[in-house]
Structure formats: C-alpha cells, structure tokens
>>> print(open('coords_10.tsv').read())   # TSV, C-alpha atoms
chain	number	residue	atom	x	y	z
A	1	MET	CA	93.82	119.89	74.67
A	2	ASP	CA	93.97	121.20	78.24
A	3	ARG	CA	97.35	122.36	79.44
A	4	GLY	CA	98.96	122.00	82.86
A	5	ASP	CA	99.01	119.21	85.43
A	6	VAL	CA	98.09	115.93	83.73
A	7	PHE	CA	96.38	114.71	86.90
A	8	SER	CA	94.21	117.79	87.42
A	9	PRO	CA	91.10	116.12	85.87
A	10	PHE	CA	91.15	113.59	88.71
A	11	GLU	CA	91.16	116.26	91.41
A	12	SER	CA	88.19	118.28	92.54
A	13	GLY	CA	87.95	121.70	90.94
A	14	ASN	CA	86.17	122.82	94.09
A	15	ALA	CA	88.98	121.72	96.40
A	16	PRO	CA	89.72	124.29	99.11
A	17	VAL	CA	92.93	126.27	99.28
A	18	LEU	CA	94.41	125.07	102.58
A	19	THR	CA	96.67	127.65	104.18
A	20	ARG	CA	97.64	126.30	107.59
A	21	GLY	CA	96.99	123.51	110.04
A	22	SER	CA	97.74	121.78	113.31
A	23	GLY	CA	97.79	118.02	113.83
A	24	ALA	CA	94.91	116.49	111.88
A	25	THR	CA	93.15	119.83	111.44
A	26	LEU	CA	93.54	121.91	108.28
A	27	LEU	CA	92.24	125.43	107.72
A	28	ASP	CA	91.30	127.10	104.45
A	29	GLN	CA	91.45	130.76	103.43
A	30	GLU	CA	88.09	131.43	105.07
A	31	GLY	CA	89.11	129.77	108.34
A	32	ARG	CA	86.94	126.67	107.88
A	33	ASP	CA	88.38	123.54	109.48
A	34	TYR	CA	88.92	120.18	107.75
A	35	LEU	CA	89.83	116.87	109.40
A	36	ASN	CA	92.56	114.86	107.71
A	37	PHE	CA	91.76	111.17	108.30
A	38	HIS	CA	93.36	110.07	105.04
A	39	GLU	CA	97.07	110.88	105.32
A	40	MET	CA	99.76	108.46	104.20
A	41	THR	CA	102.83	110.70	104.12
A	42	VAL	CA	102.71	113.70	106.49
A	43	CYS	CA	102.38	111.37	109.47
A	44	LEU	CA	103.57	113.85	112.11
A	45	GLY	CA	100.69	116.18	111.31
A	46	GLU	CA	100.58	119.82	110.32
A	47	GLY	CA	102.38	122.54	112.23
A	48	ASN	CA	104.94	120.22	113.81
A	49	GLU	CA	107.43	122.80	115.05
A	50	ALA	CA	110.11	120.33	116.17
A	51	TYR	CA	110.14	118.71	112.73
A	52	THR	CA	110.32	122.10	111.03
A	53	ARG	CA	113.27	123.12	113.21
A	54	ARG	CA	115.13	119.92	112.36
A	55	ILE	CA	114.71	120.54	108.63
A	56	LYS	CA	115.73	124.20	108.98
A	57	ASP	CA	118.82	123.17	110.92
A	58	ALA	CA	119.76	120.78	108.12
A	59	LEU	CA	119.39	123.59	105.59
A	60	ASP	CA	121.62	125.83	107.67
A	61	GLN	CA	124.38	123.28	108.20
A	62	GLY	CA	126.86	122.64	105.43
A	63	VAL	CA	126.16	122.01	101.76
A	64	LEU	CA	123.27	120.12	100.23
A	65	THR	CA	125.26	118.29	97.59
A	66	THR	CA	125.75	114.56	98.06
A	67	LYS	CA	129.42	114.86	97.14
A	68	GLY	CA	131.72	113.79	99.94
A	69	ARG	CA	130.59	111.87	103.00
A	70	ASN	CA	126.89	112.15	103.64
A	71	LEU	CA	126.59	112.10	107.43
A	72	CYS	CA	122.80	112.48	107.26
A	73	LYS	CA	122.59	109.32	105.17
A	74	GLU	CA	124.98	107.42	107.43
A	75	ALA	CA	122.95	108.37	110.50
A	76	LEU	CA	119.71	107.25	108.86
A	77	VAL	CA	121.13	103.91	107.75
A	78	GLU	CA	122.38	103.17	111.27
A	79	ARG	CA	119.05	104.21	112.79
A	80	LEU	CA	117.15	101.94	110.38
A	81	ILE	CA	119.37	98.98	111.22
A	82	ALA	CA	119.01	99.64	114.95
A	83	SER	CA	115.22	99.91	114.64
A	84	THR	CA	115.11	96.28	113.47
A	85	GLN	CA	117.55	95.08	116.15
A	86	GLY	CA	120.02	94.30	113.38
A	87	GLN	CA	117.73	91.79	111.66
A	88	PHE	CA	118.22	93.70	108.39
A	89	PRO	CA	121.86	94.82	108.20
A	90	HIS	CA	121.71	96.01	104.59
A	91	VAL	CA	119.85	99.19	103.56
A	92	LEU	CA	119.08	100.49	100.08
A	93	LEU	CA	117.63	104.01	100.11
A	94	ALA	CA	115.27	104.92	97.29
A	95	SER	CA	113.33	107.98	96.22
A	96	SER	CA	109.91	106.25	96.20
A	97	GLY	CA	108.13	103.10	97.29
A	98	SER	CA	107.89	102.00	93.65
A	99	GLU	CA	111.65	102.15	93.32
A	100	ALA	CA	112.19	100.25	96.57
A	101	VAL	CA	109.80	97.52	95.36
A	102	GLU	CA	111.59	97.18	92.04
A	103	TRP	CA	115.08	96.88	93.55
A	104	ALA	CA	113.82	94.42	96.18
A	105	VAL	CA	112.43	92.14	93.48
A	106	LYS	CA	115.53	92.49	91.30
A	107	PHE	CA	117.83	91.67	94.21
A	108	CYS	CA	115.69	88.63	95.09
A	109	HIS	CA	115.95	87.42	91.49
A	110	LYS	CA	119.72	87.84	91.65
A	111	LEU	CA	120.05	86.13	95.04
A	112	THR	CA	117.97	83.10	94.07
A	113	GLY	CA	118.80	82.83	90.39
A	114	ARG	CA	115.05	82.61	89.76
A	115	SER	CA	112.80	84.86	87.69
A	116	GLU	CA	109.19	84.92	88.96
A	117	THR	CA	107.33	86.75	91.72
A	118	VAL	CA	104.06	86.11	93.56
A	119	THR	CA	101.84	89.04	94.58
A	120	PHE	CA	98.24	89.32	95.79
A	121	TRP	CA	94.90	90.62	94.57
A	122	ASN	CA	94.24	94.30	95.36
A	123	SER	CA	97.86	94.87	96.39
A	124	ILE	CA	99.41	98.29	95.81
A	125	HIS	CA	103.12	98.17	95.07
A	126	GLY	CA	103.67	101.25	92.90
A	127	ARG	CA	103.01	103.05	89.64
A	128	THR	CA	106.17	102.44	87.66
A	129	GLN	CA	106.28	99.72	85.00
A	130	LEU	CA	107.47	96.77	87.09
A	131	SER	CA	105.78	97.84	90.33
A	132	SER	CA	102.41	98.44	88.63
A	133	ASN	CA	102.67	95.03	86.96
A	134	LEU	CA	103.36	93.51	90.37
A	135	SER	CA	100.34	95.28	91.87
A	136	GLY	CA	97.16	93.25	92.13
A	137	LEU	CA	94.98	96.35	91.90
A	138	PRO	CA	93.20	96.23	88.52
A	139	ARG	CA	93.28	99.98	87.85
A	140	ARG	CA	97.08	100.01	88.01
A	141	LYS	CA	97.24	97.90	84.84
A	142	GLN	CA	94.02	98.25	82.86
A	143	GLY	CA	94.61	99.81	79.46
A	144	TYR	CA	98.39	99.44	79.74
A	145	GLY	CA	98.86	95.85	78.59
A	146	PRO	CA	100.17	93.43	77.99
A	147	ILE	CA	101.29	92.56	81.49
A	148	GLU	CA	104.90	91.51	81.64
A	149	GLY	CA	105.55	87.85	82.31
A	150	GLY	CA	106.93	86.39	85.50
A	151	HIS	CA	104.08	87.36	87.84
A	152	VAL	CA	101.60	85.14	89.68
A	153	TYR	CA	98.62	86.75	91.44
A	154	ALA	CA	96.90	85.05	94.39
A	155	PRO	CA	93.90	85.91	96.61
A	156	TYR	CA	94.78	88.07	99.61
A	157	PRO	CA	93.71	86.41	102.90
A	158	ARG	CA	90.62	88.51	103.61
A	159	CYS	CA	88.34	86.12	105.42
A	160	SER	CA	85.18	88.25	105.24
A	161	ARG	CA	85.48	88.31	101.44
A	162	CYS	CA	86.96	84.86	100.93
A	163	PRO	CA	86.49	83.80	97.28
A	164	LEU	CA	87.10	80.18	98.25
A	165	SER	CA	85.09	79.24	101.34
A	166	GLY	CA	82.72	82.21	101.20
A	167	ASN	CA	81.62	81.97	104.83
A	168	GLY	CA	84.39	83.81	106.64
A	169	GLY	CA	84.99	80.82	108.90
A	170	PRO	CA	88.16	78.80	109.55
A	171	CYS	CA	89.47	77.27	106.33
A	172	GLY	CA	93.01	76.16	107.12
A	173	PHE	CA	94.38	79.00	104.97
A	174	ALA	CA	92.79	77.81	101.74
A	175	CYS	CA	94.18	80.94	100.07
A	176	LEU	CA	97.70	79.61	100.66
A	177	GLU	CA	96.74	76.32	99.09
A	178	ILE	CA	95.29	78.04	96.02
A	179	LEU	CA	98.52	80.06	95.78
A	180	LYS	CA	100.43	76.81	95.50
A	181	GLN	CA	98.08	75.58	92.79
A	182	LYS	CA	98.36	78.84	90.85
A	183	ILE	CA	102.14	78.48	90.89
A	184	ARG	CA	101.77	74.92	89.61
A	185	TYR	CA	99.46	75.77	86.72
A	186	GLU	CA	100.22	79.43	85.92
A	187	SER	CA	104.01	79.69	86.22
A	188	THR	CA	107.21	77.95	85.30
A	189	GLY	CA	107.71	77.15	88.99
A	190	ASP	CA	110.71	79.48	89.07
A	191	ILE	CA	109.54	81.60	92.02
A	192	ALA	CA	112.16	83.93	93.47
A	193	ALA	CA	110.00	85.90	95.90
A	194	VAL	CA	106.58	86.38	97.43
A	195	LEU	CA	105.72	90.06	97.80
A	196	ILE	CA	102.95	90.82	100.29
A	197	GLU	CA	101.60	93.74	102.32
A	198	PRO	CA	101.29	92.48	105.93
A	199	VAL	CA	98.41	94.95	106.17
A	200	GLN	CA	96.89	95.49	102.75
A	201	ALA	CA	96.83	99.24	102.17
A	202	TYR	CA	93.84	99.10	99.81
A	203	ALA	CA	91.46	99.00	102.78
A	204	ASN	CA	93.69	98.45	105.84
A	205	ILE	CA	92.99	94.70	105.65
A	206	PHE	CA	94.70	92.55	108.29
A	207	PRO	CA	95.28	88.88	107.40
A	208	PRO	CA	93.98	86.24	109.85
A	209	ALA	CA	96.21	85.26	112.74
A	210	GLY	CA	98.83	82.74	111.73
A	211	PHE	CA	98.63	83.29	107.97
A	212	LEU	CA	101.89	85.23	107.64
A	213	GLN	CA	103.67	82.63	109.78
A	214	ALA	CA	102.34	79.85	107.56
A	215	LEU	CA	103.46	81.79	104.49
A	216	ARG	CA	106.91	82.29	106.05
A	217	GLU	CA	107.28	78.57	106.76
A	218	TRP	CA	106.24	77.60	103.24
A	219	THR	CA	108.58	80.08	101.55
A	220	ARG	CA	111.49	78.77	103.62
A	221	GLN	CA	110.68	75.20	102.62
A	222	GLU	CA	110.63	76.20	98.94
A	223	GLY	CA	113.74	78.41	99.03
A	224	ILE	CA	111.59	81.44	98.16
A	225	LEU	CA	112.41	84.87	99.58
A	226	LEU	CA	109.65	86.74	101.42
A	227	ILE	CA	109.24	90.50	100.95
A	228	PHE	CA	107.02	92.54	103.29
A	229	ASP	CA	105.84	95.73	101.63
A	230	GLU	CA	105.32	98.02	104.63
A	231	VAL	CA	105.45	101.22	102.60
A	232	GLN	CA	102.00	102.10	103.96
A	233	SER	CA	101.58	99.77	106.96
A	234	GLY	CA	105.01	100.33	108.51
A	235	MET	CA	106.43	103.29	110.43
A	236	GLY	CA	103.94	103.01	113.28
A	237	ARG	CA	100.68	103.03	111.32
A	238	SER	CA	99.21	99.94	113.03
A	239	GLY	CA	100.63	100.73	116.49
A	240	SER	CA	103.98	98.95	116.23
A	241	LEU	CA	107.03	100.41	114.55
A	242	TYR	CA	106.91	97.70	111.88
A	243	ARG	CA	104.09	95.27	111.28
A	244	TYR	CA	106.43	92.29	111.01
A	245	GLN	CA	107.40	92.87	114.64
A	246	ALA	CA	103.78	92.73	115.79
A	247	GLU	CA	103.23	89.54	113.77
A	248	GLY	CA	106.43	87.92	115.02
A	249	VAL	CA	107.30	87.00	111.42
A	250	VAL	CA	110.64	88.14	109.99
A	251	PRO	CA	110.71	88.47	106.19
A	252	ASP	CA	113.86	88.44	104.06
A	253	VAL	CA	113.21	91.98	102.82
A	254	LEU	CA	111.38	94.89	104.47
A	255	LEU	CA	110.12	97.83	102.39
A	256	LEU	CA	109.43	101.28	103.87
A	257	GLY	CA	108.24	104.59	102.46
A	258	LYS	CA	105.42	107.15	102.63
A	259	ALA	CA	105.48	108.12	106.33
A	260	LEU	CA	109.23	107.47	106.49
A	261	GLY	CA	109.93	110.98	105.20
A	262	ASN	CA	106.93	112.82	106.68
A	263	GLY	CA	106.26	114.30	103.26
A	264	MET	CA	109.82	114.17	101.95
A	265	HIS	CA	110.39	111.74	99.09
A	266	ILE	CA	112.32	108.81	100.50
A	267	ALA	CA	111.88	105.06	100.80
A	268	ALA	CA	114.03	102.14	101.88
A	269	ALA	CA	114.53	98.45	101.18
A	270	LEU	CA	116.08	96.58	104.11
A	271	PHE	CA	117.68	93.18	103.39
A	272	GLN	CA	118.95	90.26	105.40
A	273	GLU	CA	121.25	89.44	102.47
A	274	VAL	CA	122.22	91.31	99.31
A	275	PRO	CA	123.88	90.30	96.02
A	276	ASP	CA	127.64	90.57	95.55
A	277	GLN	CA	129.10	94.05	95.22
A	278	ALA	CA	129.49	93.79	91.44
A	279	ASP	CA	125.82	92.89	91.08
A	280	ARG	CA	124.72	95.83	93.25
A	281	ALA	CA	126.34	98.43	90.99
A	282	ALA	CA	123.19	98.76	88.85
A	283	ALA	CA	121.28	100.15	91.84
A	284	PHE	CA	123.82	102.88	92.59
A	285	GLY	CA	122.91	106.51	92.01
A	286	GLY	CA	119.67	108.48	91.93
A	287	SER	CA	118.41	110.95	94.51
A	288	ALA	CA	117.66	108.63	97.39
A	289	ASP	CA	120.37	110.01	99.66
A	290	GLU	CA	119.25	113.65	99.53
A	291	LYS	CA	120.23	115.21	102.85
A	292	LEU	CA	116.94	116.85	103.76
A	293	ALA	CA	115.00	113.62	103.16
A	294	CYS	CA	117.49	111.64	105.23
A	295	THR	CA	117.20	114.18	108.03
A	296	ALA	CA	113.41	113.97	107.88
A	297	ALA	CA	113.42	110.17	108.01
A	298	SER	CA	115.84	110.13	110.95
A	299	TYR	CA	113.57	112.50	112.85
A	300	VAL	CA	110.48	110.38	112.15
A	301	LEU	CA	112.26	107.28	113.47
A	302	GLU	CA	113.53	109.18	116.49
A	303	THR	CA	110.05	110.46	117.32
A	304	LEU	CA	108.50	107.01	116.96
A	305	THR	CA	111.12	105.17	119.00
A	306	GLU	CA	112.08	107.76	121.60
A	307	GLY	CA	109.40	110.44	121.64
A	308	GLY	CA	106.41	108.42	122.85
A	309	LEU	CA	104.58	108.68	119.52
A	310	LEU	CA	103.99	104.92	119.24
A	311	GLU	CA	102.20	104.93	122.59
A	312	HIS	CA	100.08	107.86	121.42
A	313	ILE	CA	99.15	105.99	118.21
A	314	GLN	CA	98.04	102.99	120.26
A	315	ALA	CA	95.93	105.11	122.64
A	316	ALA	CA	94.42	107.20	119.84
A	317	GLY	CA	93.63	104.04	117.90
A	318	ARG	CA	91.79	102.53	120.87
A	319	HIS	CA	89.81	105.74	121.31
A	320	LEU	CA	88.82	105.87	117.65
A	321	HIS	CA	87.99	102.17	117.50
A	322	SER	CA	85.80	102.43	120.60
A	323	GLY	CA	83.90	105.36	119.11
A	324	LEU	CA	83.34	103.47	115.88
A	325	GLU	CA	82.08	100.45	117.83
A	326	GLN	CA	79.48	102.64	119.54
A	327	LEU	CA	78.29	103.94	116.17
A	328	GLN	CA	78.19	100.41	114.78
A	329	MET	CA	75.83	99.36	117.58
A	330	ARG	CA	73.43	102.11	116.56
A	331	PHE	CA	73.61	101.96	112.77
A	332	PRO	CA	72.76	98.63	111.08
A	333	ALA	CA	74.39	99.83	107.85
A	334	MET	CA	77.83	99.53	109.50
A	335	THR	CA	78.27	95.81	108.94
A	336	GLN	CA	81.96	95.35	109.82
A	337	LEU	CA	84.72	97.18	111.66
A	338	TRP	CA	88.41	96.29	111.72
A	339	GLY	CA	91.91	97.57	112.32
A	340	GLU	CA	94.65	98.30	114.82
A	341	GLY	CA	96.45	101.48	115.77
A	342	LEU	CA	95.54	104.20	113.28
A	343	ALA	CA	94.92	101.77	110.41
A	344	LEU	CA	91.14	101.30	110.61
A	345	GLY	CA	88.21	100.69	108.32
A	346	PHE	CA	84.53	99.92	108.40
A	347	GLU	CA	82.24	98.44	105.80
A	348	LEU	CA	78.72	99.49	104.90
A	349	GLU	CA	76.01	97.20	103.60
A	350	SER	CA	76.14	98.43	100.00
A	351	VAL	CA	78.38	100.34	97.64
A	352	ASP	CA	75.72	103.04	97.22
A	353	ILE	CA	75.47	103.64	100.97
A	354	ALA	CA	79.26	103.74	101.27
A	355	LYS	CA	79.46	106.32	98.47
A	356	ALA	CA	76.76	108.41	100.10
A	357	VAL	CA	78.42	108.33	103.53
A	358	HIS	CA	81.77	109.21	101.97
A	359	GLN	CA	80.19	112.12	100.10
A	360	HIS	CA	78.50	113.41	103.25
A	361	LEU	CA	81.82	113.22	105.09
A	362	ARG	CA	83.35	115.42	102.38
A	363	GLN	CA	80.50	117.87	102.90
A	364	GLU	CA	81.31	117.72	106.61
A	365	ARG	CA	84.91	118.64	105.63
A	366	VAL	CA	86.41	115.27	106.52
A	367	TYR	CA	88.99	113.52	104.36
A	368	THR	CA	88.68	109.72	104.25
A	369	SER	CA	89.23	107.06	101.60
A	370	LEU	CA	86.53	105.02	99.87
A	371	ASN	CA	87.21	101.50	98.56
A	372	GLU	CA	84.11	99.66	97.33
A	373	ARG	CA	81.92	99.38	100.45
A	374	ALA	CA	84.67	100.36	102.89
A	375	ILE	CA	85.45	103.73	104.45
A	376	VAL	CA	89.19	103.60	105.18
A	377	LEU	CA	90.77	105.71	107.95
A	378	LYS	CA	94.43	106.73	108.11
A	379	PRO	CA	94.61	109.80	110.36
A	380	VAL	CA	97.89	111.53	111.13
A	381	TYR	CA	99.79	110.02	114.04
A	382	THR	CA	99.45	113.12	116.20
A	383	VAL	CA	95.63	113.17	116.01
A	384	SER	CA	94.19	114.39	119.30
A	385	GLU	CA	91.24	113.12	121.35
A	386	GLU	CA	89.39	116.32	120.48
A	387	GLU	CA	89.93	115.72	116.75
A	388	ILE	CA	88.78	112.10	117.09
A	389	GLU	CA	85.60	113.20	118.87
A	390	LYS	CA	84.97	115.82	116.21
A	391	PHE	CA	85.40	113.16	113.51
A	392	LEU	CA	83.02	110.76	115.24
A	393	HIS	CA	80.42	113.53	115.56
A	394	ARG	CA	80.66	114.36	111.86
A	395	LEU	CA	80.54	110.68	110.92
A	396	GLU	CA	77.39	110.29	113.03
A	397	ARG	CA	75.78	113.15	111.10
A	398	ALA	CA	76.77	111.54	107.81
A	399	LEU	CA	75.31	108.19	108.87
A	400	CYS	CA	72.10	109.84	110.03
A	401	ALA	CA	71.75	111.57	106.67
A	402	VAL	CA	72.13	108.31	104.77
A	403	THR	CA	70.75	105.64	107.13
A	404	PRO	CA	68.43	107.37	109.65
A	405	VAL	CA	67.05	104.12	111.11
A	406	GLN	CA	69.16	103.30	114.16
A	407	LYS	CA	69.30	100.25	116.40
A	408	GLY	CA	67.34	100.83	119.57
A	409	ALA	CA	65.73	103.97	118.20
>>> encode(input="coords_10.tsv", output="structure tokens")
Amino acid sequence: MDRGDVFSPFESGNAPVLTRGSGATLLDQEGRDYLNFHEMTVCLGEGNEAYTRRIKDALDQGVLTTKGRNLCKEALVERLIASTQGQFPHVLLASSGSEAVEWAVKFCHKLTGRSETVTFWNSIHGRTQLSSNLSGLPRRKQGYGPIEGGHVYAPYPRCSRCPLSGNGGPCGFACLEILKQKIRYESTGDIAAVLIEPVQAYANIFPPAGFLQALREWTRQEGILLIFDEVQSGMGRSGSLYRYQAEGVVPDVLLLGKALGNGMHIAAALFQEVPDQADRAAAFGGSADEKLACTAASYVLETLTEGGLLEHIQAAGRHLHSGLEQLQMRFPAMTQLWGEGLALGFELESVDIAKAVHQHLRQERVYTSLNERAIVLKPVYTVSEEEIEKFLHRLERALCAVTPVQKGA
C-alpha cells in the first residue's frame, strides 16, 4: 500500500511547484506563469503585503493561547455583526464550513423542536458525516451509506436544467411545489430547517429572480427556519458582501467560510436567535477562536467593507463577463453564460467539448473548475484587468483548439 497523503492519488503527479505569486498570477520554479481562476479561499490573492503585515503583527503581539480574553475574537464578532447591520446578533465561530453547517442545523432542531432538514440537489455543505449527508452532491455520499434519516432533497431552481418543465421558461417556481410534495410523501413532516446555497457553488448557479423570496415566505408560513449557506457565495464573491443582501431576503441563519479567512481555517454561523445557554454548551470549545484566524477574518472584512475591494470585484466581474460574451458570439459551442461579480460560469454544448476545453486551459496554465458541461470561474478578488485579458486570450486559444468553427468566420 502506498504511504503518505491519502488524497495524493487525486492530485496530478505533474503538478508544478509554485514558489511565488502576485494577485491571480502564480509562478513556478522555472518562472512560468499560471492564472488562478479557481480560488475559493485565498481571496485576496498572492503576495498581498498588507495582509501579511497584519498576520505578522498578530504574531508579534502577545500570546497565541486562547486563555484569557481573546480580543481578536471579540473584534471579529463585532465586525461580523456590524457587517449585517445587526440582523444577526449571535455569532458561532467554527474551524470549517462543515462544522458551521452542522451546528446551524443542530441549533435549528433545538429552536424548533423538530428533527428534519431540507437540502437541494448538487448542494455542497461539507465532508463530515452530517454535512455530507446534507449535501445533495452524489459523490459526497456514494459508497458511504446508508444515508442518515431526517433529510429531504429537492431540485435546485436551475431553470436551464429544469427537471420539471424542461423548457427553461416561467413555471411559477414548480421546484418549490415539488419540494412541498417531497416533504409530504418522503418525510414525517417534521421540518426544522431548509438549508440552501443562495448561489449554488457547484457551478455558480443563481436561482431565478423571486425564488428565494418565495422560499422565505413559505418557510415563515410553516414555522421552518431558513439557512443560507454562503460559505462559498458570501464574502464578496458575487459582488455584494453577502448574497442575501443582494437578494433582499434575510434568512434565519447565515453561514460563512472559505474566503472569510483568506486561507486561514475559520468559518462562522450567524443567527437571529440561538437556543438557551444550557443548550449551547455542547458547541463550546474547539479551535474556532484561534487568534491568527480571527485576525485574518477581520482583515478580510475590513478590506471588503472599507478598502474598496467590493467595487473592484464588481468592475472586474463586468470586464470578465463582457469578454466572455464576446467569445460566446464567436464560438457556437459556448451555449450559455451566467454569473455576477467574480462568480461566473459558461456551458459548452457537450461534456466531451467541456472536458477538452478544460484540458486545453490546463495546458495553457490556467486553473478553472469543470462540472459536467460547465467551466466554472472563481478568480481571486484582486484579479487585474491585465490578468483577465490574459485569461480571455488563453481561453480563446483553447476554444479554437477544440471548436475551430466560429460564428461569422
């Protein structure tokens, strides 16, 4: 049996040794450049000197133990509350998104006295036992059954792939109606919470306008708590600090992670209400209040809310989207394009073409994500115009290699 990292078989043995970088650009030992357009955690980009100074200052000041008052944690908690205008006055810090998901669901069960949770197809909520069971992504569960009880899975509102109407046209949110029927026939009707990604991270899928509001209204009518998992879509990814703010829909629980720590392991569950103190004791402890991670998260929030980074994300997103639109007009294989901010994706006409384009992008030293027929883009927040133009040029070469027939050619 091989020894070492258990995940090494899933990583490329030919992966470069990256030694330095700046923004979305990475350099290997030979000085070759790579573009990072698939980054979920190090959102502030490589070589961010201000971030590095903040972390070094934290190392130099005081002790790292969490004994005594943790001023770094207190500052982060207050900044998180302020960032939501006080809509979520209770903060539970966690060491990962999976942990934040699990405590959110457990607290919702305690608050409602109910025992079941609704999630959605292709959702990604974590890799731990409960969070992987909650995830609607098949590969998170296959081979690790049986699935624990208490979960109902419903279609995510992706109109272009609607399993109900099939035509992508207006349907009056048929997916919400089928959710209600699934609860009726597949559960005990004891639903404590609906857990949904307001932008589904699997392929940066945005639900149709009005769906989240309709879901919010229905959950209120039924006394069900609504959890927004913004572990990947929050913290500025789609151009607003939190996606719920852009949608104008306030959930009962907001989950954050990934970009929150800019590479440091930290996540958060923000609540409108929490269980009684005695019932919260089970969640106490762990490593979620580590001082360096709290410092990192505070700096990320500060940069997004006070440093002009949100405005840069919006402008960079428009630039990237415009460039993709121009390529779509020339290449018939690009059948769909979607997204906001720096959460974008485009679909190709077949899985084989998508795989080939993705492979050519890797040869062009560009990191992207491939999900079925979709190329998914999550560049670092500090991506520059020059880096976007370089990406678009390399994507054009990849498309030409795979689908040389162009519109208007």
>>> residues_around(input="coords_10.tsv", residues="Phe173 of chain A", least_positions_apart="3", cutoff="9 Å", atoms="only C-alpha atoms", output="list of chain:residue names")
A:Pro157, A:Pro170, A:Leu176, A:Glu177, A:Pro208, A:Gly210, A:Phe211, A:Ala214
>>> residues_around(input="coords_10.tsv", residues="segment 51-62 of chain A", least_positions_apart="4", cutoff="10 Å", atoms="all atoms listed in the file", output="list in words")
Leu44, Gly45, Glu46, Gly47, Cys72, Asn262, Lys291, Leu292, Ala293, Cys294, Thr295, Ala296, Ser298, Tyr299, Val300 and Thr303 of chain A
>>> write_last_selection(input="coords_10.tsv", atoms="C-alpha atoms", output="CSV table (one decimal), in the coordinates of the input")
chain,number,residue,atom,x,y,z
A,44,LEU,CA,103.6,113.8,112.1
A,45,GLY,CA,100.7,116.2,111.3
A,46,GLU,CA,100.6,119.8,110.3
A,47,GLY,CA,102.4,122.5,112.2
A,72,CYS,CA,122.8,112.5,107.3
A,262,ASN,CA,106.9,112.8,106.7
A,291,LYS,CA,120.2,115.2,102.8
A,292,LEU,CA,116.9,116.8,103.8
A,293,ALA,CA,115.0,113.6,103.2
A,294,CYS,CA,117.5,111.6,105.2
A,295,THR,CA,117.2,114.2,108.0
A,296,ALA,CA,113.4,114.0,107.9
A,298,SER,CA,115.8,110.1,111.0
A,299,TYR,CA,113.6,112.5,112.8
A,300,VAL,CA,110.5,110.4,112.2
A,303,THR,CA,110.0,110.5,117.3
>>> axis_aligned_box(input="coords_10.tsv", around="segment 60-75 of chain A", padding_each_side="6 Å", output="JSON")
{"center_x": 126.7, "center_y": 116.6, "center_z": 103.8, "size_x": 22.1, "size_y": 30.4, "size_z": 25.4}
>>> residues_around(input="coords_10.tsv", residues="Ala281 of chain A", least_positions_apart="4", cutoff="12 Å", atoms="all atoms listed in the file", output="PyMOL selection string")
chain A and resi 92+103+107+274-277+285
>>> residues_around(input="coords_10.tsv", residues="Ser132 of chain A", least_positions_apart="4", cutoff="10 Å", atoms="all atoms listed in the file", output="number ranges by chain")
A: 98, 102, 123-128, 136-141, 144, 147
>>> closest_residue(input="coords_10.tsv", among="A:Gly31, A:Gly150, A:Gly145, A:Gly323", to="Glu186 of chain A", atoms="only C-alpha atoms")
A:Gly150
>>> closest_residue(input="coords_10.tsv", among="A:Val199, A:Ala288, A:Ile81, A:Leu270", to="Ala246 of chain A", atoms="only C-alpha atoms")
A:Val199
>>> closest_residue(input="coords_10.tsv", among="A:Tyr153, A:Phe10, A:Tyr34, A:Phe88", to="Thr117 of chain A", atoms="only C-alpha atoms")
A:Tyr153
>>> closest_residue(input="coords_10.tsv", among="A:Gly317, A:Pro9, A:Gly341, A:Pro146", to="Ser233 of chain A", atoms="all atoms listed in the file")
A:Gly341
>>> atom_distance(input="coords_10.tsv", atom1="atom CA of Thr112 of chain A", atom2="atom CA of Glu148 of chain A")
19.9 Å
>>> closest_residue(input="coords_10.tsv", among="A:Tyr185, A:Phe284, A:Trp218, A:Trp338", to="Leu320 of chain A", atoms="only C-alpha atoms")
A:Trp338
>>> atom_distance(input="coords_10.tsv", atom1="atom CA of Tyr242 of chain A", atom2="atom CA of Glu230 of chain A")
7.4 Å
>>> decode(input="coords_10.tsv", residues="segment 196-208 of chain A", atoms="N, CA and C atoms", output="CSV table (one decimal), in the first residue's frame")
chain,number,residue,atom,x,y,z
A,196,ILE,N,-30.0,26.1,2.1
A,196,ILE,CA,-29.9,26.3,0.7
A,196,ILE,C,-28.7,27.3,0.4
A,197,GLU,N,-28.0,27.0,-0.7
A,197,GLU,CA,-26.9,28.0,-1.1
A,197,GLU,C,-27.6,29.0,-2.0
A,198,PRO,N,-27.6,30.3,-1.7
A,198,PRO,CA,-28.3,31.3,-2.5
A,198,PRO,C,-27.6,31.5,-3.9
A,199,VAL,N,-26.3,31.0,-4.0
A,199,VAL,CA,-25.7,30.8,-5.3
A,199,VAL,C,-25.1,29.4,-5.1
A,200,GLN,N,-25.5,28.4,-5.9
A,200,GLN,CA,-25.0,27.1,-5.7
A,200,GLN,C,-23.6,27.0,-6.2
A,201,ALA,N,-22.7,26.6,-5.3
A,201,ALA,CA,-21.3,26.6,-5.5
A,201,ALA,C,-20.8,25.6,-6.6
A,202,TYR,N,-21.6,24.6,-6.8
A,202,TYR,CA,-21.3,23.5,-7.7
A,202,TYR,C,-20.9,24.1,-9.1
A,203,ALA,N,-21.7,25.1,-9.5
A,203,ALA,CA,-21.3,25.7,-10.8
A,203,ALA,C,-21.7,27.2,-10.9
A,204,ASN,N,-21.7,27.8,-9.7
A,204,ASN,CA,-22.0,29.2,-9.6
A,204,ASN,C,-23.4,29.5,-10.2
A,205,ILE,N,-24.4,28.6,-9.8
A,205,ILE,CA,-25.7,28.7,-10.3
A,205,ILE,C,-26.6,29.7,-9.5
A,206,PHE,N,-27.2,30.7,-10.1
A,206,PHE,CA,-28.0,31.7,-9.5
A,206,PHE,C,-29.5,31.3,-9.7
A,207,PRO,N,-30.3,31.2,-8.6
A,207,PRO,CA,-31.7,30.9,-8.8
A,207,PRO,C,-32.4,32.0,-9.5
A,208,PRO,N,-33.6,31.8,-10.1
A,208,PRO,CA,-34.3,32.8,-10.8
A,208,PRO,C,-34.8,33.9,-9.8
